[in-house]
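Q: Dropping in coords_33.cif, with mmCIF, C-alpha atoms and all ligand atoms.
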```
data_model
loop_
_atom_site.label_atom_id
_atom_site.label_comp_id
_atom_site.auth_asym_id
_atom_site.auth_seq_id
_atom_site.Cartn_x
_atom_site.Cartn_y
_atom_site.Cartn_z
CA MET I 26 122.99 114.38 46.80
CA LYS I 27 124.23 115.97 43.62
CA GLN I 28 120.98 115.22 41.77
CA TYR I 29 119.02 117.60 43.95
CA LEU I 30 121.42 120.46 43.25
CA ASP I 31 121.27 119.67 39.51
CA LEU I 32 117.47 119.92 39.69
CA VAL I 33 117.69 123.26 41.49
CA GLN I 34 120.12 124.55 38.86
CA THR I 35 117.94 123.31 35.97
CA VAL I 36 114.89 125.07 37.39
CA LEU I 37 116.84 128.31 37.88
CA ASP I 38 118.32 128.08 34.35
CA THR I 39 115.26 127.00 32.36
CA GLY I 40 112.19 127.72 34.54
CA THR I 41 109.54 130.33 34.02
CA TRP I 42 107.79 132.47 36.63
CA GLN I 43 104.26 131.38 37.54
CA GLU I 44 101.43 132.60 39.71
CA ASN I 45 99.61 130.06 41.92
CA ARG I 46 97.02 129.57 44.68
CA THR I 47 99.40 130.63 47.47
CA GLY I 48 100.14 134.18 46.24
CA ILE I 49 103.89 133.49 46.36
CA ARG I 50 105.34 133.20 42.84
CA THR I 51 107.34 130.18 41.75
CA ILE I 52 109.95 129.54 39.11
CA SER I 53 108.83 126.26 37.57
CA ILE I 54 109.58 123.59 34.98
CA PRO I 55 107.05 121.08 33.61
CA GLY I 56 108.57 117.65 34.22
CA ALA I 57 111.70 116.39 36.00
CA MET I 58 113.13 113.08 37.17
CA LEU I 59 115.64 112.00 39.82
CA ARG I 60 116.90 108.42 39.97
CA PHE I 61 118.86 106.77 42.78
CA ASP I 62 120.58 103.42 43.07
CA LEU I 63 119.93 102.97 46.78
CA GLN I 64 122.64 100.31 47.04
CA LYS I 65 125.38 102.45 45.46
CA ASP I 66 124.17 105.96 46.26
CA GLY I 67 123.00 105.30 49.84
CA PHE I 68 119.93 106.87 51.42
CA PRO I 69 118.69 110.02 49.60
CA ALA I 70 118.91 112.46 52.52
CA ILE I 71 119.76 116.02 51.61
CA THR I 72 123.26 116.94 52.86
CA THR I 73 123.54 120.60 51.80
CA LYS I 74 121.28 121.44 54.75
CA ARG I 75 119.99 119.44 57.71
CA LEU I 76 117.10 117.10 56.90
CA ALA I 77 114.36 117.13 59.58
CA PHE I 78 114.54 113.32 59.62
CA LYS I 79 112.40 112.84 62.75
CA SER I 80 109.70 114.94 61.17
CA VAL I 81 109.91 112.92 57.92
CA ILE I 82 109.53 109.65 59.80
CA GLY I 83 106.71 111.03 61.95
CA GLU I 84 104.84 111.95 58.78
CA LEU I 85 105.41 108.51 57.25
CA ILE I 86 104.16 106.74 60.37
CA GLY I 87 101.14 109.03 60.47
CA PHE I 88 100.37 108.06 56.86
CA LEU I 89 100.79 104.35 57.66
CA ARG I 90 98.25 104.81 60.47
CA ALA I 91 95.77 106.61 58.19
CA THR I 92 96.01 109.79 60.26
CA ARG I 93 93.70 112.69 59.35
CA SER I 94 94.58 115.11 62.14
CA ALA I 95 97.52 117.51 62.45
CA ALA I 96 97.47 116.79 66.21
CA ASP I 97 98.26 113.12 65.54
CA PHE I 98 101.15 114.14 63.27
CA ARG I 99 102.48 116.44 66.02
CA ALA I 100 102.30 113.59 68.52
CA LEU I 101 104.50 111.61 66.11
CA GLY I 102 107.06 114.44 65.95
CA CYS I 103 105.88 116.10 62.75
CA LYS I 104 104.61 119.69 62.69
CA VAL I 105 104.45 120.21 58.95
CA TRP I 106 100.67 119.66 58.71
CA ASP I 107 99.67 122.43 61.17
CA GLN I 108 99.43 125.19 58.59
CA ASN I 109 97.45 123.18 56.07
CA ALA I 110 95.00 122.17 58.82
CA ASN I 111 94.58 125.52 60.54
CA GLU I 112 95.69 128.40 58.28
CA ASN I 113 94.44 127.65 54.78
CA THR I 114 91.30 129.83 54.51
CA ASP I 115 89.68 127.71 51.79
CA TRP I 116 89.92 124.70 54.09
CA LEU I 117 88.81 126.63 57.20
CA ASN I 118 85.56 127.47 55.39
CA ASN I 119 85.07 123.96 54.01
CA PRO I 120 81.94 122.24 55.41
CA TYR I 121 83.79 118.90 55.58
CA ARG I 122 86.35 120.24 58.09
CA THR I 123 85.33 118.80 61.47
CA GLY I 124 87.31 121.22 63.65
CA PRO I 125 90.83 122.33 64.60
CA ASP I 126 93.62 120.13 63.24
CA ASP I 127 91.31 118.15 60.96
CA LEU I 128 92.87 117.59 57.53
CA GLY I 129 90.18 115.45 55.95
CA PRO I 130 91.01 112.19 54.18
CA VAL I 131 94.63 113.04 53.32
CA TYR I 132 97.29 110.60 52.11
CA GLY I 133 97.15 107.89 54.75
CA VAL I 134 93.37 107.58 54.60
CA GLN I 135 93.64 106.96 50.87
CA TRP I 136 96.64 104.62 51.25
CA ARG I 137 95.04 102.43 53.92
CA GLN I 138 91.27 103.11 53.80
CA TRP I 139 90.39 104.25 50.27
CA PRO I 140 86.59 104.57 50.41
CA ALA I 141 85.15 102.35 47.67
CA TYR I 142 81.50 102.04 46.69
CA LYS I 143 79.71 99.82 44.20
CA LEU I 144 76.18 100.43 43.01
CA LEU I 145 74.99 97.08 41.62
CA ASP I 146 71.69 95.97 40.13
CA ALA I 147 69.71 94.19 42.85
CA ASP I 148 69.12 91.20 40.56
CA GLN I 149 72.83 90.69 39.81
CA GLN I 150 73.36 88.13 42.56
CA ALA I 151 76.66 86.84 41.18
CA GLN I 152 78.17 90.34 41.15
CA ILE I 153 76.94 91.08 44.65
CA ALA I 154 78.31 87.78 45.96
CA ASP I 155 81.67 88.40 44.27
CA ALA I 156 81.92 91.89 45.78
CA GLN I 157 81.06 90.50 49.23
CA LYS I 158 83.75 87.84 48.83
CA ARG I 159 86.21 90.72 48.24
CA GLY I 160 85.20 92.43 51.46
CA PHE I 161 82.46 94.79 50.31
CA ARG I 162 79.41 94.88 52.52
CA VAL I 163 75.89 95.88 51.58
CA VAL I 164 75.16 99.32 53.02
CA SER I 165 71.64 99.79 51.71
CA ALA I 166 69.10 99.07 49.04
CA VAL I 167 68.49 102.09 46.82
CA SER I 168 66.41 103.01 43.87
CA ASP I 169 68.39 104.70 41.12
CA GLU I 170 66.66 105.99 37.98
CA GLY I 171 63.76 103.64 38.63
CA LYS I 172 65.89 100.51 39.06
CA ASP I 173 66.40 98.54 42.26
CA LYS I 174 70.05 98.68 43.26
CA VAL I 175 72.28 97.62 46.10
CA LEU I 176 74.97 99.93 47.51
CA LEU I 177 78.11 98.23 48.79
CA TYR I 178 81.06 99.75 50.62
CA LYS I 179 84.64 98.77 51.46
CA ALA I 180 87.65 100.66 52.81
CA ILE I 181 90.47 99.43 50.57
CA ASP I 182 93.91 99.03 52.13
CA GLN I 183 95.90 99.71 48.99
CA LEU I 184 99.29 99.49 50.67
CA ARG I 185 98.52 96.15 52.31
CA ASP I 186 97.29 94.88 48.93
CA CYS I 187 100.66 95.91 47.43
CA LEU I 188 102.55 93.87 50.03
CA ASP I 189 100.28 90.88 49.49
CA THR I 190 100.94 91.04 45.75
CA ILE I 191 104.72 91.40 46.21
CA ILE I 192 104.57 88.14 48.21
CA LYS I 193 102.15 86.24 45.97
CA ASN I 194 102.76 87.59 42.49
CA PRO I 195 106.00 89.60 42.29
CA GLY I 196 105.91 89.60 38.47
CA SER I 197 102.82 91.81 38.57
CA ARG I 198 103.16 95.24 36.99
CA ARG I 199 100.14 96.48 38.92
CA ILE I 200 101.68 96.81 42.38
CA LEU I 201 100.77 100.40 43.06
CA PHE I 202 98.79 102.65 45.31
CA HIS I 203 97.23 105.99 44.46
CA GLY I 204 96.53 109.05 46.58
CA TRP I 205 94.40 110.95 44.07
CA ASN I 206 90.83 110.14 44.98
CA CYS I 207 88.75 112.40 42.71
CA ALA I 208 85.62 111.82 44.79
CA ASP I 209 87.33 113.24 47.91
CA LEU I 210 89.10 116.29 46.46
CA ASP I 211 86.35 118.63 47.68
CA ALA I 212 86.60 117.32 51.26
CA ILE I 213 90.34 117.52 51.90
CA ALA I 214 92.78 120.16 53.19
CA LEU I 215 95.23 119.52 50.34
CA PRO I 216 94.89 117.21 47.34
CA ALA I 217 97.77 114.72 47.25
CA CYS I 218 101.05 115.98 45.77
CA HIS I 219 102.97 112.68 45.88
CA LEU I 220 100.26 110.54 44.48
CA LEU I 221 101.33 107.40 42.67
CA TYR I 222 103.66 104.81 44.19
CA GLN I 223 104.57 101.75 42.12
CA PHE I 224 106.67 98.90 43.52
CA ILE I 225 108.63 96.79 41.07
CA PRO I 226 110.07 93.65 42.65
CA ASN I 227 112.60 91.45 40.90
CA ALA I 228 112.01 87.90 42.08
CA THR I 229 115.35 86.71 40.64
CA THR I 230 117.65 89.21 42.32
CA ARG I 231 115.26 89.69 45.28
CA GLU I 232 115.58 93.45 44.77
CA ILE I 233 112.70 95.89 44.84
CA SER I 234 112.40 99.29 43.19
CA LEU I 235 110.00 102.17 43.54
CA CYS I 236 108.69 104.67 41.01
CA LEU I 237 106.98 107.67 42.54
CA TYR I 238 105.01 110.33 40.67
CA ILE I 239 104.54 113.76 42.25
CA ARG I 240 102.15 116.10 40.46
CA SER I 241 103.54 119.24 42.09
CA ASN I 242 106.71 119.54 44.14
CA ASP I 243 108.03 122.38 46.28
CA ILE I 244 111.74 121.85 45.67
CA GLY I 245 112.91 123.90 48.64
CA LEU I 246 110.87 122.16 51.35
CA GLY I 247 108.86 119.30 49.86
CA THR I 248 111.44 117.49 47.71
CA PRO I 249 113.93 116.64 50.50
CA PHE I 250 111.03 115.43 52.66
CA ASN I 251 109.27 113.41 49.99
CA LEU I 252 112.50 111.79 48.74
CA ALA I 253 113.50 110.60 52.20
CA GLU I 254 110.00 109.50 53.11
CA ALA I 255 109.42 107.38 50.01
CA ALA I 256 112.88 105.80 50.26
CA ALA I 257 112.16 104.92 53.91
CA LEU I 258 108.83 103.39 52.87
CA LEU I 259 110.61 101.28 50.23
CA HIS I 260 113.00 100.01 52.93
CA VAL I 261 110.05 99.04 55.15
CA VAL I 262 108.23 97.28 52.30
CA GLY I 263 111.44 95.46 51.35
CA ARG I 264 112.02 94.30 54.94
CA LEU I 265 108.46 92.98 55.33
CA THR I 266 108.49 91.15 51.97
CA GLY I 267 112.10 89.93 51.77
CA TYR I 268 113.46 92.25 49.08
CA THR I 269 116.48 94.58 49.09
CA PRO I 270 115.79 98.17 47.94
CA LYS I 271 117.42 98.98 44.60
CA TRP I 272 116.21 101.74 42.26
CA PHE I 273 114.20 104.71 43.41
CA THR I 274 112.90 106.86 40.54
CA TYR I 275 111.23 110.11 41.40
CA PHE I 276 109.10 111.81 38.72
CA ILE I 277 107.84 115.36 39.17
CA GLY I 278 105.09 117.07 37.15
CA ASP I 279 105.30 120.76 38.14
CA ALA I 280 108.76 121.17 39.70
CA HIS I 281 108.97 124.60 41.30
CA ILE I 282 110.93 126.89 43.57
CA TYR I 283 109.06 129.48 45.62
CA GLU I 284 110.46 132.98 45.32
CA ASN I 285 111.09 133.17 49.07
CA HIS I 286 113.19 129.96 48.94
CA LEU I 287 115.72 131.32 46.44
CA ASP I 288 118.28 132.42 49.04
CA MET I 289 118.16 129.04 50.78
CA LEU I 290 118.66 127.16 47.52
CA LYS I 291 121.35 129.46 46.13
CA GLU I 292 123.24 128.99 49.38
CA GLN I 293 122.96 125.21 48.95
CA LEU I 294 124.38 125.47 45.42
CA THR I 295 127.61 126.84 46.96
CA ARG I 296 127.93 123.79 49.23
CA GLU I 297 129.63 120.52 48.31
CA PRO I 298 127.33 117.53 49.04
CA HIS I 299 128.56 115.05 51.68
CA PRO I 300 128.45 111.29 51.12
CA ALA I 301 124.96 109.91 51.67
CA PRO I 302 124.05 108.33 55.02
CA LYS I 303 122.60 104.88 55.54
CA LEU I 304 119.07 104.19 56.73
CA VAL I 305 118.96 101.68 59.58
CA LEU I 306 115.69 99.94 60.42
CA SER I 307 115.49 98.45 63.90
CA ASP I 308 115.87 94.68 64.32
CA ARG I 309 112.42 94.68 65.88
CA ILE I 310 110.91 94.86 62.39
CA PRO I 311 110.84 91.25 61.14
CA ASP I 312 112.89 90.52 58.04
CA TYR I 313 110.82 88.24 55.83
CA ALA I 314 114.02 87.10 54.07
CA VAL I 315 115.21 85.70 57.42
CA THR I 316 111.99 84.55 59.12
CA GLY I 317 110.01 83.42 56.05
CA LYS I 318 106.96 84.62 57.94
CA TYR I 319 104.79 87.31 56.34
CA GLU I 320 103.79 89.92 58.95
CA PRO I 321 102.22 92.91 57.17
CA GLU I 322 100.57 94.09 60.41
CA TRP I 323 103.96 95.70 61.12
CA LEU I 324 102.86 98.53 58.84
CA GLU I 325 100.73 99.70 61.77
CA LYS I 326 103.18 98.79 64.54
CA LEU I 327 106.12 100.93 63.42
CA GLU I 328 107.32 103.62 65.83
CA PRO I 329 109.56 106.65 65.10
CA SER I 330 112.38 104.97 67.07
CA ASP I 331 112.47 102.13 64.50
CA PHE I 332 114.23 104.44 62.02
CA SER I 333 117.68 105.99 62.26
CA LEU I 334 120.29 107.50 59.98
CA GLU I 335 123.85 106.26 60.25
CA ASN I 336 126.77 108.50 59.25
CA TYR I 337 124.57 111.47 58.43
CA GLN I 338 126.89 114.37 57.66
CA HIS I 339 125.28 117.61 56.61
CA HIS I 340 125.95 121.32 56.20
CA ALA I 341 124.48 123.95 58.53
CA PRO I 342 120.66 123.98 58.84
CA LEU I 343 118.71 126.24 56.51
CA THR I 344 114.99 126.77 56.34
CA ALA I 345 112.37 128.97 54.71
CA PRO I 346 108.62 129.59 55.11
CA MET I 347 106.08 127.16 53.69
CA ALA I 348 103.58 128.66 51.24
CA VAL I 349 100.01 127.94 52.37
N1 LIG I 401 102.82 122.85 50.96
C1 LIG I 401 103.90 123.46 50.43
N2 LIG I 401 103.82 124.75 50.10
N3 LIG I 401 105.06 122.80 50.26
C2 LIG I 401 105.18 121.50 50.59
O1 LIG I 401 106.27 120.93 50.40
C3 LIG I 401 104.08 120.82 51.14
N4 LIG I 401 104.12 119.48 51.48
C4 LIG I 401 103.21 119.03 52.53
C5 LIG I 401 101.94 119.69 52.38
N5 LIG I 401 101.85 120.94 51.91
C6 LIG I 401 102.91 121.55 51.33
C7 LIG I 401 103.78 119.40 53.86
N6 LIG I 401 105.15 119.05 53.92
C8 LIG I 401 108.04 121.51 55.60
C9 LIG I 401 108.35 120.22 55.17
C10 LIG I 401 107.39 119.42 54.58
C11 LIG I 401 106.12 119.91 54.42
C12 LIG I 401 105.81 121.19 54.80
C13 LIG I 401 106.77 121.99 55.41
C14 LIG I 401 109.03 122.36 56.30
O2 LIG I 401 108.74 123.47 56.68
N7 LIG I 401 110.22 121.89 56.53
C15 LIG I 401 111.21 122.61 57.27
C16 LIG I 401 111.17 122.31 58.75
C17 LIG I 401 110.70 120.95 59.09
C18 LIG I 401 110.69 120.63 60.57
O3 LIG I 401 111.53 121.18 61.31
O4 LIG I 401 109.88 119.80 60.97
C19 LIG I 401 112.57 122.26 56.70
O5 LIG I 401 113.45 123.12 56.82
O6 LIG I 401 112.71 121.18 56.13
C20 LIG I 401 104.88 118.52 50.76
O7 LIG I 401 104.68 117.19 51.01
#
```
Spell out the structure here as structure tokens.

A:
Amino acid sequence: MKQYLDLVQTVLDTGTWQENRTGIRTISIPGAMLRFDLQKDGFPAITTKRLAFKSVIGELIGFLRATRSAADFRALGCKVWDQNANENTDWLNNPYRTGPDDLGPVYGVQWRQWPAYKLLDADQQAQIADAQKRGFRVVSAVSDEGKDKVLLYKAIDQLRDCLDTIIKNPGSRRILFHGWNCADLDAIALPACHLLYQFIPNATTREISLCLYIRSNDIGLGTPFNLAEAAALLHVVGRLTGYTPKWFTYFIGDAHIYENHLDMLKEQLTREPHPAPKLVLSDRIPDYAVTGKYEPEWLEKLEPSDFSLENYQHHAPLTAPMAV
């Protein structure tokens, strides 16, 4: 994956040193993009060190199951949430934290159960009926600034809605899900870094592409993880909707390298990337293109063993501490 090394080099050449919440300085650039043709370039797994693929897939499955506990991530083979759950002092003192391993409504909760509320005028029957038709239920009658209102609630499954739209209306340019829930930022271990996923199907070629926006990306540890995870998600979405993955475009806002990752990354710059591996999804996962049967409930049924990398060649493992 040459593009990763180019990004590392660009940050080293043009970045500036910044202070941040973790106390470990970063060298950073404002804005970067990586783009992969998944058919020509293969699966975007880092090859200049070993990718913790099992951990990546465990995290993805945890997100698909709306997990909010580091213990659940561990049970899926992913330990990378432990520190955010149990070592970040701001979070440890947060009244919303329910106990050890709790992360609050992180990614998966927003992807699959975005908490949505509507406060409607009690006399607006048509609006209330429309909301109920869309799955909102009345939670209570309230009085707000002297007016009678009705409070309605729904947990929105944004990802499921994306799949439904890919099936029903693939020309839509609104097939996206968002992790940045402003109303929950105070009640969460870590506000979403990878936050906007947009699927772009092409009904003619039956190919599907993904644009991902990441507000802040730790190039040493986060980027290899987030690249592989989003590409794996695109493969799953393609399988369940009958599209072949094509372009994967990865936009970064603050692209940074932590000071204590410099040795790891400089070592990687001396290594020649290997050819990319191939992601293999198990035959258990139904291929809509073959069955013609839409089975989105597979988003919840996936297991770590449904994902494997074929021909994954990589250089010697390297790692570095995560800034908390
Ligand atoms: N915090 C910071 N500072 N960087 C991040 O990239 C990051 N995330 C998630 C939330 N907080 C973050 C957590 N994701 C590793 C990988 C992904 C992480 C956090 C840590 C990590 O340490 N990887 C090691 C070992 C992995 C393993 O063996 O399981 C590695 O060498 O890859 C970005 O989403």

Q: Could you give me, as a list in words, every polymer residue with an atom at most 6 Å away from an atom of ligand LIG 401 (chain I), counting all atoms listed in the file?

A: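 Answer in the requested format: Ala77, Ser80, Cys103, Lys104, Val105, Trp106, Asp243, Leu246, Gly247, Phe250, Thr344, Met347, Ala348 and Val349 of chain I.
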
Q: Rounded to one decimal place, report the atom CA of Ala345 of chain I-atom CA of Ser241 of chain I distance in Å.

A: 18.2 Å

Q: When you look at Pro298 of chain I with a cut-off of 6 Å (counting only C-alpha atoms), what residues show up, excluding the ones that are within fewer than 4 positions of it in the same chain? I need them as an NGL selection string.

A: :I and (26 or 72-73)

Q: Take the selection from the previous step and output its residues with C-alpha atoms, as a CSV table (one decimal), keeping the file's coordinate frame.

A:
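selection.csv written:
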```csv
chain,number,residue,atom,x,y,z
I,26,MET,CA,123.0,114.4,46.8
I,72,THR,CA,123.3,116.9,52.9
I,73,THR,CA,123.5,120.6,51.8
```

Q: Just give me the gap between atom CA of Pro302 of chain I and atom CA of Leu290 of chain I in Å, one decimal is fine.

A: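 Calculated distance between atom CA of Pro302 of chain I and atom CA of Leu290 of chain I is 21.0 Å.
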
Q: Quick one: residues within 9 Å of His219 of chain I, all atoms listed in the file, excluding same-chain residues fewer than 4 positions away - as an MDAnalysis selection string?

A: chainID I and resid 132 203:205 237:242 251 277

Q: Name all residues at most 12 Å from segment 331-333 of chain I (count all atoms listed in the file; drop same-chain ones fewer than 4 positions away) and give them as an mmCIF file with C-alpha atoms, keeping the file's coordinate frame.

A:
```cif
data_model
loop_
_atom_site.group_PDB
_atom_site.id
_atom_site.type_symbol
_atom_site.label_atom_id
_atom_site.label_comp_id
_atom_site.auth_asym_id
_atom_site.auth_seq_id
_atom_site.Cartn_x
_atom_site.Cartn_y
_atom_site.Cartn_z
ATOM 1 C CA PHE I 68 119.930 106.870 51.420
ATOM 2 C CA ALA I 70 118.910 112.460 52.520
ATOM 3 C CA ALA I 77 114.360 117.130 59.580
ATOM 4 C CA PHE I 78 114.540 113.320 59.620
ATOM 5 C CA LYS I 79 112.400 112.840 62.750
ATOM 6 C CA SER I 80 109.700 114.940 61.170
ATOM 7 C CA VAL I 81 109.910 112.920 57.920
ATOM 8 C CA ILE I 82 109.530 109.650 59.800
ATOM 9 C CA GLY I 83 106.710 111.030 61.950
ATOM 10 C CA LEU I 85 105.410 108.510 57.250
ATOM 11 C CA ILE I 86 104.160 106.740 60.370
ATOM 12 C CA ALA I 253 113.500 110.600 52.200
ATOM 13 C CA GLU I 254 110.000 109.500 53.110
ATOM 14 C CA ALA I 256 112.880 105.800 50.260
ATOM 15 C CA ALA I 257 112.160 104.920 53.910
ATOM 16 C CA LEU I 258 108.830 103.390 52.870
ATOM 17 C CA HIS I 260 113.000 100.010 52.930
ATOM 18 C CA VAL I 261 110.050 99.040 55.150
ATOM 19 C CA PRO I 302 124.050 108.330 55.020
ATOM 20 C CA LYS I 303 122.600 104.880 55.540
ATOM 21 C CA LEU I 304 119.070 104.190 56.730
ATOM 22 C CA VAL I 305 118.960 101.680 59.580
ATOM 23 C CA LEU I 306 115.690 99.940 60.420
ATOM 24 C CA SER I 307 115.490 98.450 63.900
ATOM 25 C CA ASP I 308 115.870 94.680 64.320
ATOM 26 C CA ARG I 309 112.420 94.680 65.880
ATOM 27 C CA ILE I 310 110.910 94.860 62.390
ATOM 28 C CA PRO I 311 110.840 91.250 61.140
ATOM 29 C CA TRP I 323 103.960 95.700 61.120
ATOM 30 C CA LEU I 324 102.860 98.530 58.840
ATOM 31 C CA LYS I 326 103.180 98.790 64.540
ATOM 32 C CA LEU I 327 106.120 100.930 63.420
ATOM 33 C CA TYR I 337 124.570 111.470 58.430
#
```

Q: Pick out the closest residue to Gln28 of chain I from this set: I:Gln152, I:Leu294, I:Gly102, I:Thr51. Count all atoms listed in the file.

A: I:Leu294

Q: Do you know which residues are at most 6 Å from segment 134-142 of chain I counting only C-alpha atoms, after dropping those on the same chain fewer than 6 positions away, and could you put them as a VMD selection string?

A: chain I and resid 91 177 to 184 204

Q: At a cut-off of 8 Å, using all atoms listed in the file, what residues contact Leu176 of chain I? Leave out same-chain residues fewer than 5 positions from it and give the result as a list of chain:residue names.

A: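 Result of the neighbour search: I:Tyr142, I:Lys143, I:Leu144, I:Leu145, I:Val163, I:Val164, I:Ser165, I:Ala166, I:Val167.
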
Q: Considering all atoms listed in the file, can you say which of I:Ser197, I:Thr47, I:Thr316, I:Gln108 comes closest to Ala228 of chain I?

A: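 Counting all atoms listed in the file, the residue closest to Ala228 of chain I is I:Ser197.
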
Q: State, in Å with one decimal place, the distance from atom CA of Ala214 of chain I to atom CA of Asp279 of chain I.

A: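 Going from atom CA of Ala214 of chain I over to atom CA of Asp279 of chain I, I get 19.6 Å.
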
Q: From the list I:Gly133, I:Pro342, I:Pro120, I:Pro226, which residue is nearest Ala212 of chain I when using only C-alpha atoms?

A: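 Checking each candidate against Ala212 of chain I, we get I:Pro120 as the closest.
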
Q: Show me the residues close to (108.6, 120.0, 34.6) - anything with an atom within 12 Å, counting only C-alpha atoms - and format the list as an MDAnalysis selection string.

A: chainID I and resid 32:33 35:36 39:41 52:59 238:244 276:282

Q: Which residue out of I:Ala255, I:Arg199, I:Ile213, I:Gln338 has the minimum interatomic distance to Trp116 of chain I when only C-alpha atoms are used?

A: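 Smallest separation from Trp116 of chain I among the options: I:Ile213.
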
Q: Give the answer as one residue: which of I:Cys218, I:Leu343, I:Tyr275, I:Asp127 has the shortest atom-to-atom distance to Thr92 of chain I, using only C-alpha atoms?

A: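 Of I:Cys218, I:Leu343, I:Tyr275, I:Asp127, the one nearest Thr92 of chain I is I:Asp127, counting only C-alpha atoms.
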